[in-house]
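What follows is run13.tsv (TSV, C-alpha atoms).
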```
chain	number	residue	atom	x	y	z
A	1	MET	CA	61.56	-27.79	41.51
A	2	ILE	CA	62.05	-30.77	39.14
A	3	ARG	CA	59.16	-32.50	40.88
A	4	ARG	CA	56.91	-29.50	40.17
A	5	TYR	CA	57.81	-29.63	36.46
A	6	LEU	CA	57.13	-33.38	36.37
A	7	LEU	CA	53.73	-32.94	37.98
A	8	ALA	CA	52.85	-30.00	35.77
A	9	SER	CA	53.68	-32.23	32.78
A	10	VAL	CA	51.39	-34.98	34.13
A	11	ALA	CA	48.57	-32.46	34.51
A	12	SER	CA	49.15	-31.07	31.01
A	13	LEU	CA	49.11	-34.58	29.56
A	14	ALA	CA	45.86	-35.34	31.37
A	15	LEU	CA	44.26	-32.20	29.95
A	16	ALA	CA	45.54	-32.95	26.47
A	17	GLY	CA	44.20	-36.50	26.75
A	18	LEU	CA	40.74	-35.29	27.75
A	19	GLY	CA	40.74	-32.75	24.94
A	20	SER	CA	41.74	-35.27	22.30
A	21	LEU	CA	39.15	-37.78	23.55
A	22	THR	CA	36.42	-35.21	23.10
A	23	VAL	CA	37.71	-33.96	19.77
A	24	MET	CA	37.89	-37.53	18.47
A	25	GLY	CA	34.34	-38.09	19.64
A	26	ALA	CA	33.00	-34.95	17.98
A	27	PRO	CA	33.24	-35.91	14.30
A	28	ALA	CA	31.49	-39.18	15.07
A	29	ALA	CA	28.62	-37.31	16.69
A	30	GLN	CA	28.32	-34.83	13.85
A	31	LYS	CA	28.50	-37.63	11.31
A	32	ALA	CA	25.84	-39.59	13.14
A	33	ALA	CA	23.67	-36.52	13.27
A	34	LYS	CA	24.19	-35.66	9.62
A	35	SER	CA	23.35	-39.17	8.59
A	36	SER	CA	19.93	-38.48	10.18
A	37	PRO	CA	17.40	-41.26	10.42
A	38	SER	CA	15.98	-40.76	7.03
A	39	ALA	CA	19.33	-40.52	5.29
A	40	SER	CA	20.98	-43.65	6.64
A	41	ALA	CA	20.55	-46.22	3.92
A	42	SER	CA	21.93	-49.25	5.69
A	43	LYS	CA	19.82	-48.93	8.83
A	44	LYS	CA	16.76	-47.39	7.22
A	45	PRO	CA	13.73	-48.78	9.03
A	46	ALA	CA	10.80	-50.04	7.06
A	47	ALA	CA	8.01	-47.45	6.91
A	48	PRO	CA	4.70	-48.52	8.40
A	49	ALA	CA	1.49	-48.50	6.39
A	50	GLN	CA	0.06	-45.26	7.84
A	51	SER	CA	0.42	-42.03	5.85
A	52	LEU	CA	3.70	-40.45	6.85
A	53	ILE	CA	5.02	-37.26	5.34
A	54	THR	CA	8.39	-35.73	4.51
A	55	VAL	CA	9.25	-32.16	5.48
A	56	ASP	CA	12.55	-30.54	4.47
A	57	GLY	CA	14.18	-33.91	3.93
A	58	VAL	CA	13.04	-35.26	7.28
A	59	LYS	CA	11.12	-38.39	6.33
A	60	ASP	CA	8.48	-40.52	7.98
A	61	ILE	CA	6.80	-37.81	10.02
A	62	ASP	CA	3.43	-38.67	11.54
A	63	PRO	CA	1.55	-35.37	10.94
A	64	ASP	CA	-0.69	-36.09	13.93
A	65	LYS	CA	2.38	-35.88	16.19
A	66	ALA	CA	3.70	-32.65	14.70
A	67	VAL	CA	3.04	-28.97	15.46
A	68	GLY	CA	3.64	-25.85	13.35
A	69	SER	CA	4.00	-24.97	9.71
A	70	LYS	CA	5.50	-27.42	7.22
A	71	ASN	CA	7.14	-24.42	5.51
A	72	ALA	CA	9.06	-23.46	8.65
A	73	PRO	CA	12.83	-22.92	8.16
A	74	VAL	CA	13.65	-25.42	10.92
A	75	VAL	CA	12.30	-28.89	11.66
A	76	MET	CA	12.80	-30.02	15.26
A	77	GLU	CA	12.47	-33.73	16.03
A	78	VAL	CA	12.05	-34.39	19.75
A	79	PHE	CA	12.67	-37.94	20.98
A	80	THR	CA	11.05	-38.49	24.37
A	81	ASP	CA	9.97	-41.22	26.74
A	82	PHE	CA	6.80	-40.46	28.72
A	83	GLN	CA	8.26	-41.94	31.91
A	84	CYS	CA	11.58	-40.09	31.76
A	85	PRO	CA	11.74	-37.20	34.28
A	86	ALA	CA	14.04	-35.07	32.11
A	87	CYS	CA	11.56	-35.46	29.22
A	88	LYS	CA	8.80	-34.21	31.51
A	89	GLN	CA	10.92	-31.20	32.39
A	90	LEU	CA	11.72	-30.51	28.73
A	91	TYR	CA	8.07	-30.86	27.69
A	92	THR	CA	6.55	-28.82	30.49
A	93	THR	CA	9.06	-25.97	30.45
A	94	THR	CA	11.09	-25.67	27.26
A	95	LEU	CA	8.85	-27.23	24.60
A	96	GLN	CA	5.71	-25.41	25.69
A	97	ARG	CA	7.48	-22.10	25.22
A	98	VAL	CA	9.09	-23.17	21.94
A	99	THR	CA	5.62	-24.13	20.68
A	100	ASP	CA	4.14	-20.79	21.76
A	101	ASN	CA	6.97	-18.61	20.46
A	102	TYR	CA	8.31	-20.49	17.43
A	103	ALA	CA	5.92	-23.22	16.21
A	104	ASP	CA	2.74	-21.18	16.43
A	105	SER	CA	4.38	-18.34	14.50
A	106	GLY	CA	5.55	-20.69	11.73
A	107	LYS	CA	9.26	-20.56	12.49
A	108	ILE	CA	9.67	-24.17	13.59
A	109	TYR	CA	7.95	-27.44	12.75
A	110	ILE	CA	8.07	-29.63	15.87
A	111	VAL	CA	7.87	-33.40	15.41
A	112	HIS	CA	7.28	-35.54	18.51
A	113	ARG	CA	8.97	-38.92	18.21
A	114	ASP	CA	8.31	-41.75	20.64
A	115	PHE	CA	11.37	-43.36	22.16
A	116	PRO	CA	10.07	-45.57	25.01
A	117	LEU	CA	12.96	-47.03	26.98
A	118	PRO	CA	12.78	-50.68	28.08
A	119	MET	CA	13.86	-49.69	31.63
A	120	HIS	CA	10.51	-47.89	32.13
A	121	ALA	CA	7.59	-50.23	32.77
A	122	TYR	CA	4.76	-48.03	31.51
A	123	SER	CA	6.35	-45.74	28.92
A	124	ARG	CA	5.32	-47.94	25.99
A	125	VAL	CA	1.69	-48.04	27.20
A	126	ALA	CA	1.77	-44.27	27.64
A	127	ALA	CA	3.16	-43.86	24.12
A	128	SER	CA	0.33	-46.02	22.74
A	129	TYR	CA	-2.38	-43.95	24.45
A	130	ALA	CA	-0.71	-40.67	23.44
A	131	ARG	CA	-0.40	-41.78	19.82
A	132	ALA	CA	-4.04	-42.84	19.74
A	133	ALA	CA	-5.10	-39.52	21.27
A	134	CYS	CA	-3.08	-37.66	18.63
A	135	HIS	CA	-4.98	-39.51	15.93
A	136	ILE	CA	-8.30	-38.19	17.23
A	137	GLY	CA	-6.92	-34.64	17.57
A	138	LYS	CA	-6.31	-34.65	21.31
A	139	CYS	CA	-2.53	-34.78	21.22
A	140	GLU	CA	-1.65	-31.79	23.35
A	141	ALA	CA	-4.19	-32.50	26.10
A	142	VAL	CA	-3.17	-36.13	26.54
A	143	GLU	CA	0.60	-35.63	26.22
A	144	SER	CA	0.39	-32.79	28.69
A	145	ALA	CA	-1.65	-34.87	31.15
A	146	LEU	CA	0.76	-37.79	30.88
A	147	PHE	CA	3.81	-35.64	31.53
A	148	GLN	CA	2.17	-33.55	34.26
A	149	ASN	CA	1.01	-36.65	36.16
A	150	GLN	CA	4.07	-38.76	35.45
A	151	GLU	CA	4.96	-39.24	39.12
A	152	LYS	CA	1.49	-40.67	39.83
A	153	TRP	CA	0.99	-43.15	37.00
A	154	GLU	CA	4.58	-44.38	37.03
A	155	VAL	CA	3.85	-45.67	40.54
A	156	SER	CA	0.25	-46.83	40.06
A	157	GLY	CA	0.56	-47.87	36.41
A	158	ASP	CA	-2.79	-46.21	35.74
A	159	VAL	CA	-2.00	-44.70	32.35
A	160	LYS	CA	-5.54	-45.30	31.10
A	161	GLY	CA	-7.06	-43.43	34.03
A	162	THR	CA	-4.74	-40.48	33.48
A	163	VAL	CA	-5.73	-40.28	29.81
A	164	ALA	CA	-9.44	-40.73	30.60
A	165	GLY	CA	-9.21	-37.78	32.97
A	166	VAL	CA	-8.74	-35.31	30.11
A	167	LEU	CA	-11.04	-36.87	27.47
A	168	THR	CA	-14.79	-37.19	27.15
A	169	PRO	CA	-16.20	-40.75	27.39
A	170	ALA	CA	-16.78	-40.78	23.63
A	171	GLU	CA	-13.19	-39.70	22.91
A	172	MET	CA	-11.84	-42.22	25.37
A	173	LYS	CA	-13.81	-44.95	23.63
A	174	LYS	CA	-12.17	-44.07	20.30
A	175	VAL	CA	-8.71	-43.92	21.90
A	176	GLN	CA	-9.21	-47.25	23.63
A	177	ALA	CA	-10.35	-48.84	20.36
A	178	LEU	CA	-7.21	-47.58	18.61
A	179	VAL	CA	-4.98	-48.85	21.43
A	180	ASP	CA	-6.71	-52.24	21.49
A	181	SER	CA	-6.45	-52.63	17.72
A	182	GLY	CA	-2.68	-52.19	17.88
A	183	SER	CA	-2.79	-50.42	14.51
A	184	LEU	CA	-0.61	-47.54	15.73
A	185	GLU	CA	2.08	-49.72	17.30
A	186	PRO	CA	4.14	-49.85	14.08
A	187	LEU	CA	4.37	-46.05	14.19
A	188	ILE	CA	5.88	-46.16	17.67
A	189	ASP	CA	8.27	-48.91	16.62
A	190	HIS	CA	9.18	-46.88	13.57
A	191	ASP	CA	9.97	-43.77	15.64
A	192	LYS	CA	12.13	-45.89	17.90
A	193	GLN	CA	13.98	-47.38	14.94
A	194	ILE	CA	14.57	-43.89	13.57
A	195	GLY	CA	16.01	-42.88	16.94
A	196	GLN	CA	18.22	-45.96	17.12
A	197	ALA	CA	19.58	-45.21	13.66
A	198	ILE	CA	20.73	-41.69	14.66
A	199	PRO	CA	21.65	-43.06	17.33
A	200	ILE	CA	19.82	-41.57	20.30
A	201	THR	CA	21.92	-42.25	23.41
A	202	GLN	CA	19.64	-40.70	26.00
A	203	THR	CA	16.23	-39.09	26.31
A	204	PRO	CA	15.29	-36.39	25.71
A	205	THR	CA	17.17	-35.63	22.51
A	206	SER	CA	16.11	-32.94	20.06
A	207	VAL	CA	17.43	-32.97	16.51
A	208	LEU	CA	17.19	-29.69	14.60
A	209	HIS	CA	17.22	-29.75	10.79
A	210	THR	CA	17.67	-26.62	8.70
A	211	LYS	CA	16.64	-26.11	5.07
A	212	ASP	CA	20.29	-26.17	3.93
A	213	GLY	CA	20.65	-29.72	5.23
A	214	GLN	CA	22.51	-28.95	8.48
A	215	THR	CA	21.62	-31.10	11.48
A	216	TYR	CA	22.10	-30.19	15.14
A	217	PRO	CA	21.42	-32.84	17.78
A	218	VAL	CA	20.78	-31.37	21.23
A	219	VAL	CA	21.19	-34.08	23.86
A	220	GLY	CA	19.55	-34.01	27.27
A	221	PHE	CA	17.44	-31.36	28.93
A	222	VAL	CA	18.04	-27.82	27.77
A	223	SER	CA	16.39	-24.75	29.22
A	224	TYR	CA	14.31	-22.47	26.99
A	225	ASP	CA	16.69	-19.51	27.35
A	226	VAL	CA	19.64	-21.60	26.18
A	227	LEU	CA	17.75	-23.30	23.34
A	228	LYS	CA	16.46	-19.91	22.22
A	229	THR	CA	20.02	-18.77	21.43
A	230	LEU	CA	20.38	-21.63	18.95
A	231	LEU	CA	16.87	-21.33	17.50
A	232	ASP	CA	17.33	-17.62	16.86
A	233	GLN	CA	20.50	-18.36	14.86
A	234	LEU	CA	18.82	-21.10	12.84
A	235	VAL	CA	15.55	-19.36	11.97
A	236	LYS	CA	17.31	-16.22	10.67
B	1	MET	CA	73.05	-37.11	44.01
B	2	MET	CA	69.25	-37.11	43.97
B	3	GLN	CA	67.71	-40.25	45.46
B	4	SER	CA	64.30	-41.74	44.92
B	5	ALA	CA	61.87	-41.67	47.83
B	6	PRO	CA	61.95	-44.78	50.04
B	7	PHE	CA	58.77	-46.88	50.01
B	8	ASN	CA	56.31	-45.48	52.46
B	9	TYR	CA	52.63	-46.47	52.53
B	10	ARG	CA	51.60	-42.92	53.42
B	11	ARG	CA	53.35	-41.54	50.36
B	12	LEU	CA	51.79	-44.31	48.28
B	13	ILE	CA	48.29	-43.34	49.44
B	14	ILE	CA	49.03	-39.66	48.76
B	15	TRP	CA	50.20	-40.47	45.23
B	16	LEU	CA	47.25	-42.78	44.59
B	17	GLY	CA	44.85	-40.15	45.89
B	18	ARG	CA	46.36	-37.41	43.82
B	19	LEU	CA	46.38	-39.41	40.59
B	20	LEU	CA	42.99	-41.10	41.01
B	21	LEU	CA	41.02	-38.26	42.58
B	22	GLY	CA	42.80	-35.65	40.46
B	23	GLY	CA	41.95	-37.59	37.30
B	24	ILE	CA	38.37	-38.26	38.36
B	25	PHE	CA	37.73	-34.63	39.36
B	26	LEU	CA	39.29	-33.39	36.14
B	27	TYR	CA	37.16	-35.73	34.01
B	28	ALA	CA	33.99	-35.11	36.05
B	29	GLY	CA	34.23	-31.35	35.60
B	30	PHE	CA	35.32	-31.58	31.99
B	31	SER	CA	32.50	-33.97	31.04
B	32	LYS	CA	29.89	-31.68	32.58
B	33	ILE	CA	31.19	-28.77	30.49
B	34	ALA	CA	31.95	-30.55	27.22
B	35	LEU	CA	29.40	-33.39	27.09
B	36	PRO	CA	26.88	-34.61	25.97
B	37	ASN	CA	26.56	-31.78	23.41
B	38	LYS	CA	29.72	-31.45	21.35
B	39	PHE	CA	29.62	-28.45	19.03
B	40	TYR	CA	33.06	-26.83	18.91
B	41	TRP	CA	32.86	-24.52	15.92
B	42	PRO	CA	31.90	-21.78	15.15
B	43	LEU	CA	32.24	-19.89	18.42
B	44	PRO	CA	28.49	-19.23	18.94
B	45	MET	CA	27.91	-22.99	18.65
B	46	LEU	CA	30.63	-23.66	21.22
B	47	LYS	CA	28.96	-21.19	23.57
B	48	PHE	CA	25.59	-22.85	22.98
B	49	SER	CA	27.08	-26.30	23.53
B	50	ILE	CA	28.62	-25.35	26.89
B	51	ALA	CA	25.44	-23.54	27.98
B	52	ALA	CA	23.31	-26.56	26.99
B	53	ASN	CA	25.58	-28.94	28.90
B	54	LEU	CA	25.49	-26.75	32.01
B	55	SER	CA	21.70	-26.49	31.63
B	56	ASN	CA	21.48	-30.29	31.49
B	57	PHE	CA	23.67	-30.53	34.61
B	58	GLY	CA	21.50	-27.88	36.27
B	59	TYR	CA	18.46	-30.08	35.72
B	60	GLN	CA	20.29	-32.95	37.44
B	61	VAL	CA	21.21	-30.71	40.39
B	62	ALA	CA	17.59	-29.54	40.63
B	63	SER	CA	16.32	-33.12	40.63
B	64	TYR	CA	17.87	-33.63	44.11
B	65	LYS	CA	15.29	-31.08	45.33
B	66	MET	CA	17.68	-29.54	47.86
B	67	LEU	CA	18.29	-26.08	46.44
B	68	ALA	CA	16.30	-23.04	45.37
B	69	PRO	CA	16.54	-22.12	41.65
B	70	ALA	CA	19.24	-19.53	42.35
B	71	GLY	CA	21.28	-22.16	44.22
B	72	VAL	CA	20.83	-24.66	41.39
B	73	ASN	CA	21.98	-22.03	38.91
B	74	PHE	CA	25.03	-21.20	41.02
B	75	VAL	CA	26.06	-24.83	41.58
B	76	SER	CA	25.54	-25.86	37.96
B	77	HIS	CA	27.67	-23.00	36.68
B	78	VAL	CA	30.43	-23.15	39.30
B	79	LEU	CA	30.88	-26.80	40.30
B	80	PRO	CA	32.12	-28.15	36.92
B	81	PHE	CA	34.84	-25.49	36.70
B	82	ALA	CA	35.75	-25.98	40.38
B	83	GLU	CA	36.14	-29.72	39.74
B	84	VAL	CA	38.48	-29.12	36.81
B	85	LEU	CA	40.56	-26.71	38.91
B	86	LEU	CA	40.71	-29.04	41.90
B	87	GLY	CA	41.65	-31.97	39.66
B	88	LEU	CA	44.53	-29.99	38.18
B	89	LEU	CA	45.69	-28.76	41.58
B	90	LEU	CA	45.75	-32.31	42.94
B	91	LEU	CA	47.72	-33.56	39.94
B	92	ILE	CA	50.20	-30.71	40.20
B	93	GLY	CA	50.48	-31.05	43.96
B	94	TRP	CA	50.74	-27.36	44.74
B	95	ARG	CA	49.54	-26.57	48.29
B	96	LEU	CA	48.44	-30.18	48.54
B	97	ARG	CA	47.20	-30.02	52.12
B	98	ILE	CA	44.77	-27.20	51.36
B	99	TRP	CA	43.34	-28.71	48.16
B	100	ALA	CA	43.23	-32.25	49.57
B	101	THR	CA	41.13	-30.86	52.43
B	102	VAL	CA	38.79	-29.13	49.96
B	103	VAL	CA	38.49	-32.31	47.86
B	104	SER	CA	37.70	-34.33	51.00
B	105	MET	CA	34.94	-31.88	51.87
B	106	PHE	CA	33.55	-32.10	48.33
B	107	MET	CA	33.59	-35.91	48.47
B	108	LEU	CA	31.80	-35.95	51.83
B	109	MET	CA	29.21	-33.55	50.43
B	110	PHE	CA	28.68	-35.72	47.31
B	111	LEU	CA	28.39	-38.83	49.47
B	112	THR	CA	25.81	-37.21	51.74
B	113	VAL	CA	23.70	-35.93	48.84
B	114	VAL	CA	23.73	-39.24	46.93
B	115	THR	CA	22.99	-41.26	50.08
B	116	ARG	CA	20.07	-38.99	50.91
B	117	ALA	CA	18.62	-39.42	47.41
B	118	TYR	CA	19.05	-43.20	47.66
B	119	LEU	CA	17.37	-43.39	51.05
B	120	LEU	CA	14.47	-41.27	49.78
B	121	HIS	CA	14.08	-43.68	46.78
B	122	MET	CA	14.52	-40.80	44.35
B	123	ASP	CA	14.50	-42.03	40.74
B	124	ILE	CA	17.15	-39.61	39.48
B	125	ASN	CA	20.51	-39.57	37.79
B	126	CYS	CA	23.43	-38.80	40.06
B	127	GLY	CA	24.85	-36.10	37.76
B	128	CYS	CA	28.38	-37.26	38.56
B	129	PHE	CA	29.47	-37.37	34.93
B	130	ALA	CA	27.85	-36.47	31.62
B	131	THR	CA	26.41	-39.94	31.07
B	132	PRO	CA	23.16	-40.72	32.91
B	133	GLU	CA	23.86	-42.94	35.93
B	134	PRO	CA	21.02	-43.69	38.36
B	135	VAL	CA	21.57	-43.16	42.07
B	136	SER	CA	22.24	-46.65	43.43
B	137	LEU	CA	24.04	-48.56	46.16
B	138	LYS	CA	26.94	-49.03	43.75
B	139	LYS	CA	27.23	-45.27	43.37
B	140	ILE	CA	27.22	-44.83	47.17
B	141	LEU	CA	30.00	-47.42	47.51
B	142	GLU	CA	32.03	-45.65	44.82
B	143	ASP	CA	31.61	-42.29	46.53
B	144	SER	CA	32.43	-43.83	49.93
B	145	SER	CA	35.68	-45.29	48.57
B	146	MET	CA	36.66	-41.98	47.04
B	147	ALA	CA	35.77	-40.06	50.21
B	148	LEU	CA	37.87	-42.48	52.27
B	149	LEU	CA	40.80	-42.11	49.87
B	150	ALA	CA	40.47	-38.32	49.96
B	151	ILE	CA	40.45	-38.25	53.78
B	152	LEU	CA	43.44	-40.59	54.04
B	153	MET	CA	45.31	-38.52	51.45
B	154	THR	CA	44.59	-35.36	53.42
B	155	VAL	CA	45.65	-36.80	56.80
B	156	PHE	CA	48.82	-38.32	55.37
B	157	ALA	CA	49.63	-35.12	53.49
B	158	TYR	CA	49.59	-33.25	56.83
B	159	GLN	CA	51.71	-35.96	58.50
B	160	GLU	CA	54.26	-36.08	55.70
B	161	ALA	CA	54.51	-32.31	55.51
B	162	GLY	CA	56.30	-32.25	58.86
B	163	LYS	CA	59.13	-34.42	57.56
B	164	PRO	CA	61.99	-33.42	55.23
B	165	HIS	CA	61.43	-34.53	51.65
B	166	PRO	CA	63.76	-37.33	50.50
B	167	TRP	CA	64.76	-35.28	47.47
B	168	SER	CA	65.80	-32.31	49.58
B	169	GLY	CA	69.08	-34.01	50.50
B	170	PRO	CA	70.85	-34.29	53.86
B	171	GLN	CA	70.89	-31.29	56.14
B	172	VAL	CA	74.37	-29.75	56.08
B	173	PRO	CA	75.35	-28.29	59.45
B	174	PRO	CA	76.46	-24.67	59.29
B	175	PRO	CA	80.22	-24.17	59.34
B	176	ALA	CA	81.65	-23.69	62.77
B	177	THR	CA	82.70	-20.16	63.49
B	178	THR	CA	85.56	-19.23	65.75
```
Hey, can you dump this file as structure tokens for me?
Amino acid sequence: MIRRYLLASVASLALAGLGSLTVMGAPAAQKAAKSSPSASASKKPAAPAQSLITVDGVKDIDPDKAVGSKNAPVVMEVFTDFQCPACKQLYTTTLQRVTDNYADSGKIYIVHRDFPLPMHAYSRVAASYARAACHIGKCEAVESALFQNQEKWEVSGDVKGTVAGVLTPAEMKKVQALVDSGSLEPLIDHDKQIGQAIPITQTPTSVLHTKDGQTYPVVGFVSYDVLKTLLDQLVK
Amino acid sequence: MMQSAPFNYRRLIIWLGRLLLGGIFLYAGFSKIALPNKFYWPLPMLKFSIAANLSNFGYQVASYKMLAPAGVNFVSHVLPFAEVLLGLLLLIGWRLRIWATVVSMFMLMFLTVVTRAYLLHMDINCGCFATPEPVSLKKILEDSSMALLAILMTVFAYQEAGKPHPWSGPQVPPPATT
């Protein structure tokens, strides 16, 4: 009987330890989230030369990589890597529906942030082509093609071919010129620095900002039905 | 007077298995429920946080491409809680033979699934804990060690169950009747 009590105590201590570990971790996460990229003074990355905008306190937004109304009650920053499978899943399932049901109706302003991970060989190249395509108004088509065909180009490395498949030759020429000039690279670096300042620990990560200054980082893949429960609370 | 148990390698393995596997199962289940999203208050945010974490785990289960969506949904919503329960039961030691057998079966299942993904060169996270860990040879070796420990713990638990416990004291013969 004594042995049972001893073992029950060990189990209780283990549970208490796990609980306290998580509770101690929570304030740090909230603090990190609240200090949002734009608000952190010490790690504030230098803004690149291109025209970036501020919406509801969220600074350094590339309007070409954003969808929805700037007057929306919620700004949603989405940090993704084009070669990350969970990002593909988030983009092709959850984000498409969020765009259709919340961004298009002016409830949410979605900002796509590039966060290419060094472990992925072609994600930076993909980010460059996607950024260039966004600057000629072909953001959705190219981002969608890159995510939909991720399993092909991550093996072949043919990012350019994937992008060319959804653009006209004239559009592709413009995109290629932008990529070759390297003029958009600082924007990608800037997004990455913003993510590192939060800090982003894994992709995808979505950070939701409300008008009253609250920040909610949602880490990892989240299904539309689950995300909807949070969005409905925030857009009220 | 109560005496401590004499050193016995079978008992040592059982204790090691219970503490290590119990702790690992408890943490594995807990991390899937409580991480990486950590909103604890108010209650709707806690519900969202748990649902988002289970959704994230569900994506990892689906990435193994072994189950239909209904199966993925079932596993992602049941496995984390089952792991917490099994971890606690191992630590407490109640009905050890039964739960050690269940844990061994779980470990063999995990080992099979991870090995399959590795052999198929699947570029996925193992989904073992909340932090992303790619399926690798290291992960297979870890799972193999834990499966071996679980099996040894189970076998020894059955063997030791047939013997009187050292704390139970000497058997007193019944008084002779005339």
Padding of 3 Å on every side, edges along x, y and z, all listed atoms of stretch 182-199 of chain A included: what centre and edge lengths in Å, to one decimal, does that box have, as lines of an AutoDock Vina configuration file?
```
center_x = 9.4
center_y = -46.9
center_z = 15.7
size_x = 30.4
size_y = 16.5
size_z = 10.3
```
Contact residues around A:Asp104 with all atoms listed in the file at 12 Å, ignoring same-chain residues under 5 positions, as a list in words:
Ala66, Val67, Gly68, Ser69, Lys70, Ala72, Leu95, Gln96, Arg97, Val98, Thr99, Tyr109 and Ile110 of chain A
Can you tell me which residues surround stretch 61-74 of chain B at a distance of at most 10 Å, considering all atoms listed in the file, apart from same-chain residues fewer than 6 positions away, and format the answer as a VMD selection string?
(chain A and resid 85 to 86) or (chain B and resid 54 to 55 113 to 114 116 to 117 122 to 128)
Keeping only C-alpha atoms, take the residues you just selected and write them out as a CSV table (one decimal), in the coordinates of the input.
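Contents of the output file part_34.csv:
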```csv
chain,number,residue,atom,x,y,z
A,85,PRO,CA,11.7,-37.2,34.3
A,86,ALA,CA,14.0,-35.1,32.1
B,54,LEU,CA,25.5,-26.8,32.0
B,55,SER,CA,21.7,-26.5,31.6
B,113,VAL,CA,23.7,-35.9,48.8
B,114,VAL,CA,23.7,-39.2,46.9
B,116,ARG,CA,20.1,-39.0,50.9
B,117,ALA,CA,18.6,-39.4,47.4
B,122,MET,CA,14.5,-40.8,44.4
B,123,ASP,CA,14.5,-42.0,40.7
B,124,ILE,CA,17.2,-39.6,39.5
B,125,ASN,CA,20.5,-39.6,37.8
B,126,CYS,CA,23.4,-38.8,40.1
B,127,GLY,CA,24.8,-36.1,37.8
B,128,CYS,CA,28.4,-37.3,38.6
```
Give me, as a tab-separated table, the closest atom pair and its distance (Å, one decimal) for every residue of chain B within a cut-off of 9 Å of chain A, counting only C-alpha atoms, rows sorted by chain and rising number.
```
residue	atom	partner	partner_atom	distance
B:Gly22	CA	A:Ala11	CA	8.9
B:Gly23	CA	A:Ala14	CA	7.5
B:Leu26	CA	A:Leu15	CA	8.0
B:Tyr27	CA	A:Leu18	CA	7.2
B:Phe30	CA	A:Leu18	CA	7.8
B:Ser31	CA	A:Thr22	CA	8.9
B:Ala34	CA	A:Thr22	CA	7.7
B:Leu35	CA	A:Thr22	CA	8.3
B:Pro36	CA	A:Val219	CA	6.1
B:Asn37	CA	A:Val219	CA	5.9
B:Lys38	CA	A:Ala26	CA	5.9
B:Phe39	CA	A:Ala26	CA	7.4
B:Tyr40	CA	A:Ala26	CA	8.2
B:Pro44	CA	A:Leu230	CA	8.5
B:Met45	CA	A:Leu230	CA	7.7
B:Phe48	CA	A:Leu230	CA	6.7
B:Ser49	CA	A:Val218	CA	8.4
B:Ala51	CA	A:Val226	CA	6.4
B:Ala52	CA	A:Val222	CA	5.5
B:Asn53	CA	A:Val222	CA	7.7
B:Leu54	CA	A:Val222	CA	8.6
B:Ser55	CA	A:Val222	CA	5.5
B:Asn56	CA	A:Phe221	CA	4.9
B:Phe57	CA	A:Phe221	CA	8.5
B:Tyr59	CA	A:Phe221	CA	7.0
B:Gln60	CA	A:Ala86	CA	8.5
B:Ser63	CA	A:Pro85	CA	8.8
B:Gly87	CA	A:Ala11	CA	8.6
B:Leu88	CA	A:Ala11	CA	6.0
B:Leu89	CA	A:Ala11	CA	8.5
B:Leu90	CA	A:Ala11	CA	8.9
B:Leu91	CA	A:Ala11	CA	5.6
B:Ile92	CA	A:Leu7	CA	4.7
B:Gly93	CA	A:Leu7	CA	7.1
B:Trp94	CA	A:Arg4	CA	8.0
B:Asp123	CA	A:Pro85	CA	8.5
B:Ile124	CA	A:Pro85	CA	7.9
B:Thr131	CA	A:Gln202	CA	8.5
B:Pro132	CA	A:Gln202	CA	7.8
```
Write out as a list in words each polymer residue whose atoms come within 9 Å of stretch 166-177 of chain A, counting all atoms listed in the file; drop sequence neighbours fewer than 6 positions from it.
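Selected residues are Tyr129, Ala130, Arg131, Ala132, Ala133, His135, Ile136, Lys138, Ala141, Val142, Ala145 and Lys160 of chain A.
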Restricted to C-alpha atoms, what would the selected residues look like written as a tab-separated table (two decimals), keeping the file's coordinate frame?
```tsv
chain	number	residue	atom	x	y	z
A	129	TYR	CA	-2.38	-43.95	24.45
A	130	ALA	CA	-0.71	-40.67	23.44
A	131	ARG	CA	-0.40	-41.78	19.82
A	132	ALA	CA	-4.04	-42.84	19.74
A	133	ALA	CA	-5.10	-39.52	21.27
A	135	HIS	CA	-4.98	-39.51	15.93
A	136	ILE	CA	-8.30	-38.19	17.23
A	138	LYS	CA	-6.31	-34.65	21.31
A	141	ALA	CA	-4.19	-32.50	26.10
A	142	VAL	CA	-3.17	-36.13	26.54
A	145	ALA	CA	-1.65	-34.87	31.15
A	160	LYS	CA	-5.54	-45.30	31.10
```
Using only C-alpha atoms: which of B:Leu12, B:Ile98, B:Ala28, B:Val84 has the shortest distance to B:Ala130:
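Among the listed residues, B:Ala28 lies closest to B:Ala130.
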All residues 12 Å or closer to A:Ser128, all atoms listed in the file, same chain fewer than 3 positions away omitted, as an MDAnalysis selection string
chainID A and resid 81:82 114:116 122:125 131:135 139 142:143 146 159:160 163 175:189
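Atom CA of B:Thr115 to atom CA of A:Gly157 spans 27.1 Å [interatomic distance, one decimal].
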Quick one, how far is atom CA of A:Glu154 from atom CA of A:Ala121?
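Atom CA of A:Ala121 lies at a distance of 7.8 Å from atom CA of A:Glu154.
Between atom CA of A:Thr80 and atom CA of A:Gly213 there is a distance of 23.1 Å.
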Residues within 8 Å of A:Asp56, please, as a ChimeraX atom specification. Count only C-alpha atoms; anything in the same chain fewer than 4 positions from it doesn't count.
/A:75,209-211
Just write the chosen residues, C-alpha atoms, as a compact mmCIF listing (two decimals), in the frame of the given file.
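Contents of part_30.txt, freshly written:
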```
# COMPACT_ATOMS: atom_id res chain seq x y z
CA VAL A 75 12.30 -28.89 11.66
CA HIS A 209 17.22 -29.75 10.79
CA THR A 210 17.67 -26.62 8.70
CA LYS A 211 16.64 -26.11 5.07
```
